[in-house]
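Heads up, the thing below is written out as structure tokens.
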Amino acid sequence: MNKRLLLLGLASILAVSATAQQNIGYVDSEAILKKMPEYATVQQRIERLTSDWEAELREKRREMQEKFQTYQSRELLYTKEEQQRKREEIVRMEEDVERLRLKYFGPEGDLFTQEDNLMKPLQERILAAIEEVATRDGYDFVFDRRGDFLFLYAREQHDLSNRVLEELGLDTESTGGGR
């Protein structure tokens, strides 16, 4: 019986010891991403799309406002049927503008889709580089400092960001950490 307890205790100590030896690192994916030349191009494309779509929406709103002002200035000249038809037309325009706004900027709109499509190749390259660095350098876990994981403390020696940048063939100046 004592032998069994001794073996169980020894196994527990070894398990704790093995767990304590796990190698954990972290990266700053946002800093890595900003160092990638393609990132600036992606950001410019997204900004251009956003600007174009915002201009289109402004123009549609201007047209709607103009139609509404015309209606208000001539309302007394219209028959009841014409008034109703004009009001319905203005309401349809408002609805169309809102649908277009949601299509472009809604939670699953074109902007989200475009950003996701444009960023995915960059993110995949970063993940592949992180995996390469982690495997080569013997890390068991690598966390992203910018993610949902909260760091209460992180030793700079475990910052793998520069190693990932090197793996991507990018400049490691002014990123901080990750020898």
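Just remember, in the structure tokens the first chain shown is A, the second B, etc., residues are 1-based per chain, and ligands are 1-based in the order shown.
Proximity to stretch 86-95 of chain A at 8 Å, evaluated using only C-alpha atoms and with sequence-adjacent residues fewer than 3 positions away removed, yields Arg61, Met64, Lys67, Phe68, Tyr71, Glu82, Gln83, Glu98 and Arg99 of chain A.
Shortest separation to A:Asp137 among A:Arg163, A:Ala55, A:Leu102, A:Gln123 occurs at residue A:Arg163, atoms counted being only C-alpha atoms.
For A:Lys34, the list of residues within 10 Å, based on only C-alpha atoms and with local chain neighbours fewer than 5 positions off taken out, reads A:Ser29, A:Tyr39, A:Ala40, A:Gln43, A:Thr175.
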Output N, CA and C atoms for every residue in the selection just made, as a PDB file, in the first residue's frame.
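Here's the written file result-v5.pdb:
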```
ATOM      1  N   SER A  29       1.370  40.038 -32.973  1.00  0.00           N
ATOM      2  CA  SER A  29       0.989  39.852 -34.381  1.00  0.00           C
ATOM      3  C   SER A  29       0.716  41.184 -35.073  1.00  0.00           C
ATOM      4  N   TYR A  39       1.052  44.658 -46.163  1.00  0.00           N
ATOM      5  CA  TYR A  39       0.034  45.190 -45.259  1.00  0.00           C
ATOM      6  C   TYR A  39      -0.365  46.608 -45.657  1.00  0.00           C
ATOM      7  N   ALA A  40       0.619  47.444 -46.001  1.00  0.00           N
ATOM      8  CA  ALA A  40       0.327  48.822 -46.412  1.00  0.00           C
ATOM      9  C   ALA A  40      -0.543  48.826 -47.671  1.00  0.00           C
ATOM     10  N   GLN A  43      -4.071  47.832 -46.649  1.00  0.00           N
ATOM     11  CA  GLN A  43      -4.721  48.955 -45.961  1.00  0.00           C
ATOM     12  C   GLN A  43      -5.156  50.024 -46.959  1.00  0.00           C
ATOM     13  N   THR A 175      11.004  46.608 -33.351  1.00  0.00           N
ATOM     14  CA  THR A 175       9.826  45.806 -33.006  1.00  0.00           C
ATOM     15  C   THR A 175       9.822  45.510 -31.519  1.00  0.00           C
TER      16      THR A 175
END
```
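All residues of protein, DNA or RNA that reach within 10 Å of A:Met119, judged by only C-alpha atoms and not counting those fewer than 3 positions away in the chain, are Leu33, Glu38, Tyr39, Val42, Gln43, Thr113, Gln114, Glu115, Asp116, Leu122, Gln123 and Glu124 of chain A.
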Dump as a PDB file, in the first residue's frame, selection limited to C-alpha atoms:
```pdb
ATOM      1  CA  LEU A  33       1.698  42.581 -39.586  1.00  0.00           C
ATOM      2  CA  GLU A  38       1.917  43.911 -48.299  1.00  0.00           C
ATOM      3  CA  TYR A  39       0.034  45.190 -45.259  1.00  0.00           C
ATOM      4  CA  VAL A  42      -3.962  45.963 -48.217  1.00  0.00           C
ATOM      5  CA  GLN A  43      -4.721  48.955 -45.961  1.00  0.00           C
ATOM      6  CA  THR A 113     -15.491  40.300 -46.543  1.00  0.00           C
ATOM      7  CA  GLN A 114     -12.897  42.267 -48.509  1.00  0.00           C
ATOM      8  CA  GLU A 115     -10.758  42.876 -45.435  1.00  0.00           C
ATOM      9  CA  ASP A 116     -10.936  39.203 -44.521  1.00  0.00           C
ATOM     10  CA  LEU A 122      -0.821  37.681 -44.692  1.00  0.00           C
ATOM     11  CA  GLN A 123      -2.213  36.015 -41.584  1.00  0.00           C
ATOM     12  CA  GLU A 124      -1.502  32.571 -43.016  1.00  0.00           C
TER      13      GLU A 124
END
```
Stretch 19-174 of chain A: residues DSSP assigns to helix (DSSP H, G or I), reported as a PyMOL selection string: chain A and resi 19-20+29-35+37-77+80-105+110-137+156-158+161-167
Prev. selection, C-alpha atoms, output as an mmCIF file, in the first residue's frame:
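Written out: out.cif:
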```cif
data_model
loop_
_atom_site.group_PDB
_atom_site.id
_atom_site.type_symbol
_atom_site.label_atom_id
_atom_site.label_comp_id
_atom_site.auth_asym_id
_atom_site.auth_seq_id
_atom_site.Cartn_x
_atom_site.Cartn_y
_atom_site.Cartn_z
ATOM 1 C CA THR A 19 4.452 20.579 -16.924
ATOM 2 C CA ALA A 20 6.743 23.165 -15.365
ATOM 3 C CA SER A 29 0.989 39.852 -34.381
ATOM 4 C CA GLU A 30 -0.052 43.464 -34.938
ATOM 5 C CA ALA A 31 3.579 44.656 -34.901
ATOM 6 C CA ILE A 32 4.569 41.808 -37.234
ATOM 7 C CA LEU A 33 1.698 42.581 -39.586
ATOM 8 C CA LYS A 34 2.606 46.279 -39.751
ATOM 9 C CA LYS A 35 6.160 45.359 -40.781
ATOM 10 C CA PRO A 37 5.115 45.514 -46.996
ATOM 11 C CA GLU A 38 1.917 43.911 -48.299
ATOM 12 C CA TYR A 39 0.034 45.190 -45.259
ATOM 13 C CA ALA A 40 0.327 48.822 -46.412
ATOM 14 C CA THR A 41 -1.040 47.828 -49.817
ATOM 15 C CA VAL A 42 -3.962 45.963 -48.217
ATOM 16 C CA GLN A 43 -4.721 48.955 -45.961
ATOM 17 C CA GLN A 44 -4.667 51.310 -48.954
ATOM 18 C CA ARG A 45 -7.059 49.077 -50.886
ATOM 19 C CA ILE A 46 -9.428 48.893 -47.922
ATOM 20 C CA GLU A 47 -9.278 52.665 -47.401
ATOM 21 C CA ARG A 48 -9.940 53.246 -51.116
ATOM 22 C CA LEU A 49 -12.944 50.900 -51.071
ATOM 23 C CA THR A 50 -14.268 52.535 -47.911
ATOM 24 C CA SER A 51 -13.840 55.995 -49.401
ATOM 25 C CA ASP A 52 -15.575 55.001 -52.658
ATOM 26 C CA TRP A 53 -18.499 53.401 -50.831
ATOM 27 C CA GLU A 54 -18.872 56.357 -48.450
ATOM 28 C CA ALA A 55 -18.903 58.735 -51.442
ATOM 29 C CA GLU A 56 -21.583 56.612 -53.116
ATOM 30 C CA LEU A 57 -23.709 56.689 -49.961
ATOM 31 C CA ARG A 58 -23.257 60.473 -49.606
ATOM 32 C CA GLU A 59 -24.407 60.932 -53.196
ATOM 33 C CA LYS A 60 -27.473 58.726 -52.656
ATOM 34 C CA ARG A 61 -28.336 60.645 -49.470
ATOM 35 C CA ARG A 62 -27.896 63.944 -51.309
ATOM 36 C CA GLU A 63 -30.253 62.771 -54.072
ATOM 37 C CA MET A 64 -32.777 61.626 -51.474
ATOM 38 C CA GLN A 65 -32.554 64.944 -49.592
ATOM 39 C CA GLU A 66 -32.984 66.866 -52.840
ATOM 40 C CA LYS A 67 -36.057 64.819 -53.738
ATOM 41 C CA PHE A 68 -37.481 65.407 -50.241
ATOM 42 C CA GLN A 69 -36.899 69.178 -50.464
ATOM 43 C CA THR A 70 -38.525 69.263 -53.886
ATOM 44 C CA TYR A 71 -41.477 67.376 -52.488
ATOM 45 C CA GLN A 72 -41.805 69.759 -49.539
ATOM 46 C CA SER A 73 -41.674 72.825 -51.746
ATOM 47 C CA ARG A 74 -44.354 71.476 -54.138
ATOM 48 C CA GLU A 75 -46.439 69.403 -51.750
ATOM 49 C CA LEU A 76 -49.491 71.674 -52.014
ATOM 50 C CA LEU A 77 -49.406 71.463 -55.816
ATOM 51 C CA LYS A 80 -53.395 63.423 -52.731
ATOM 52 C CA GLU A 81 -52.412 60.444 -54.891
ATOM 53 C CA GLU A 82 -49.267 62.221 -56.140
ATOM 54 C CA GLN A 83 -48.354 63.218 -52.579
ATOM 55 C CA GLN A 84 -48.684 59.605 -51.450
ATOM 56 C CA ARG A 85 -46.675 58.324 -54.418
ATOM 57 C CA LYS A 86 -43.890 60.893 -53.836
ATOM 58 C CA ARG A 87 -43.705 60.078 -50.112
ATOM 59 C CA GLU A 88 -43.493 56.353 -50.886
ATOM 60 C CA GLU A 89 -40.750 57.049 -53.406
ATOM 61 C CA ILE A 90 -38.756 58.984 -50.788
ATOM 62 C CA VAL A 91 -39.248 56.204 -48.218
ATOM 63 C CA ARG A 92 -38.050 53.635 -50.803
ATOM 64 C CA MET A 93 -34.973 55.774 -51.420
ATOM 65 C CA GLU A 94 -34.259 55.900 -47.670
ATOM 66 C CA GLU A 95 -34.635 52.126 -47.444
ATOM 67 C CA ASP A 96 -32.343 51.647 -50.465
ATOM 68 C CA VAL A 97 -29.683 53.848 -48.878
ATOM 69 C CA GLU A 98 -29.883 51.890 -45.626
ATOM 70 C CA ARG A 99 -29.703 48.549 -47.490
ATOM 71 C CA LEU A 100 -26.659 49.795 -49.393
ATOM 72 C CA ARG A 101 -25.010 50.997 -46.153
ATOM 73 C CA LEU A 102 -25.550 47.565 -44.580
ATOM 74 C CA LYS A 103 -24.314 45.834 -47.738
ATOM 75 C CA TYR A 104 -21.060 47.770 -47.570
ATOM 76 C CA PHE A 105 -20.513 48.342 -43.856
ATOM 77 C CA ASP A 110 -18.543 43.851 -48.271
ATOM 78 C CA LEU A 111 -15.953 45.719 -46.195
ATOM 79 C CA PHE A 112 -15.672 42.851 -43.712
ATOM 80 C CA THR A 113 -15.491 40.300 -46.543
ATOM 81 C CA GLN A 114 -12.897 42.267 -48.509
ATOM 82 C CA GLU A 115 -10.758 42.876 -45.435
ATOM 83 C CA ASP A 116 -10.936 39.203 -44.521
ATOM 84 C CA ASN A 117 -10.024 38.095 -48.073
ATOM 85 C CA LEU A 118 -7.134 40.545 -48.341
ATOM 86 C CA MET A 119 -5.714 39.847 -44.876
ATOM 87 C CA LYS A 120 -6.039 36.052 -44.931
ATOM 88 C CA PRO A 121 -2.850 35.405 -46.998
ATOM 89 C CA LEU A 122 -0.821 37.681 -44.692
ATOM 90 C CA GLN A 123 -2.213 36.015 -41.584
ATOM 91 C CA GLU A 124 -1.502 32.571 -43.016
ATOM 92 C CA ARG A 125 2.133 33.540 -43.718
ATOM 93 C CA ILE A 126 2.507 34.833 -40.157
ATOM 94 C CA LEU A 127 0.983 31.655 -38.699
ATOM 95 C CA ALA A 128 3.288 29.476 -40.801
ATOM 96 C CA ALA A 129 6.312 31.491 -39.634
ATOM 97 C CA ILE A 130 5.172 31.263 -35.994
ATOM 98 C CA GLU A 131 4.782 27.515 -36.337
ATOM 99 C CA GLU A 132 8.238 27.239 -37.904
ATOM 100 C CA VAL A 133 9.873 29.309 -35.131
ATOM 101 C CA ALA A 134 7.978 27.477 -32.378
ATOM 102 C CA THR A 135 8.881 24.061 -33.773
ATOM 103 C CA ARG A 136 12.518 24.939 -34.439
ATOM 104 C CA ASP A 137 13.045 26.608 -31.042
ATOM 105 C CA GLU A 156 10.589 39.893 -23.010
ATOM 106 C CA GLN A 157 12.835 36.854 -23.483
ATOM 107 C CA HIS A 158 9.732 34.892 -24.524
ATOM 108 C CA SER A 161 8.038 38.497 -32.699
ATOM 109 C CA ASN A 162 11.526 39.216 -34.071
ATOM 110 C CA ARG A 163 12.164 35.548 -34.773
ATOM 111 C CA VAL A 164 8.899 35.399 -36.723
ATOM 112 C CA LEU A 165 9.881 38.568 -38.636
ATOM 113 C CA GLU A 166 13.236 36.958 -39.475
ATOM 114 C CA GLU A 167 11.421 33.817 -40.610
#
```
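Reported to one decimal place, the separation of atom CA of A:Ile24 from atom CA of A:Leu170 is 23.2 Å.
Of note, atom CA of A:Asp28 and atom CA of A:Pro107 are spaced 25.9 Å apart.
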Write down as a PyMOL selection string the residues belonging to stretch 39-166 of chain A that are assigned strand (DSSP E or B) by DSSP computed on the backbone. chain A and resi 141-144+159
With C-alpha atoms retained, write the just-selected residues as a PDB file, in the first residue's frame.
```
ATOM      1  CA  PHE A 141       2.708  27.246 -26.677  1.00  0.00           C
ATOM      2  CA  VAL A 142       2.802  30.608 -28.447  1.00  0.00           C
ATOM      3  CA  PHE A 143       0.261  33.270 -27.557  1.00  0.00           C
ATOM      4  CA  ASP A 144      -0.596  36.483 -29.360  1.00  0.00           C
ATOM      5  CA  ASP A 159       8.692  37.431 -27.202  1.00  0.00           C
TER       6      ASP A 159
END
```
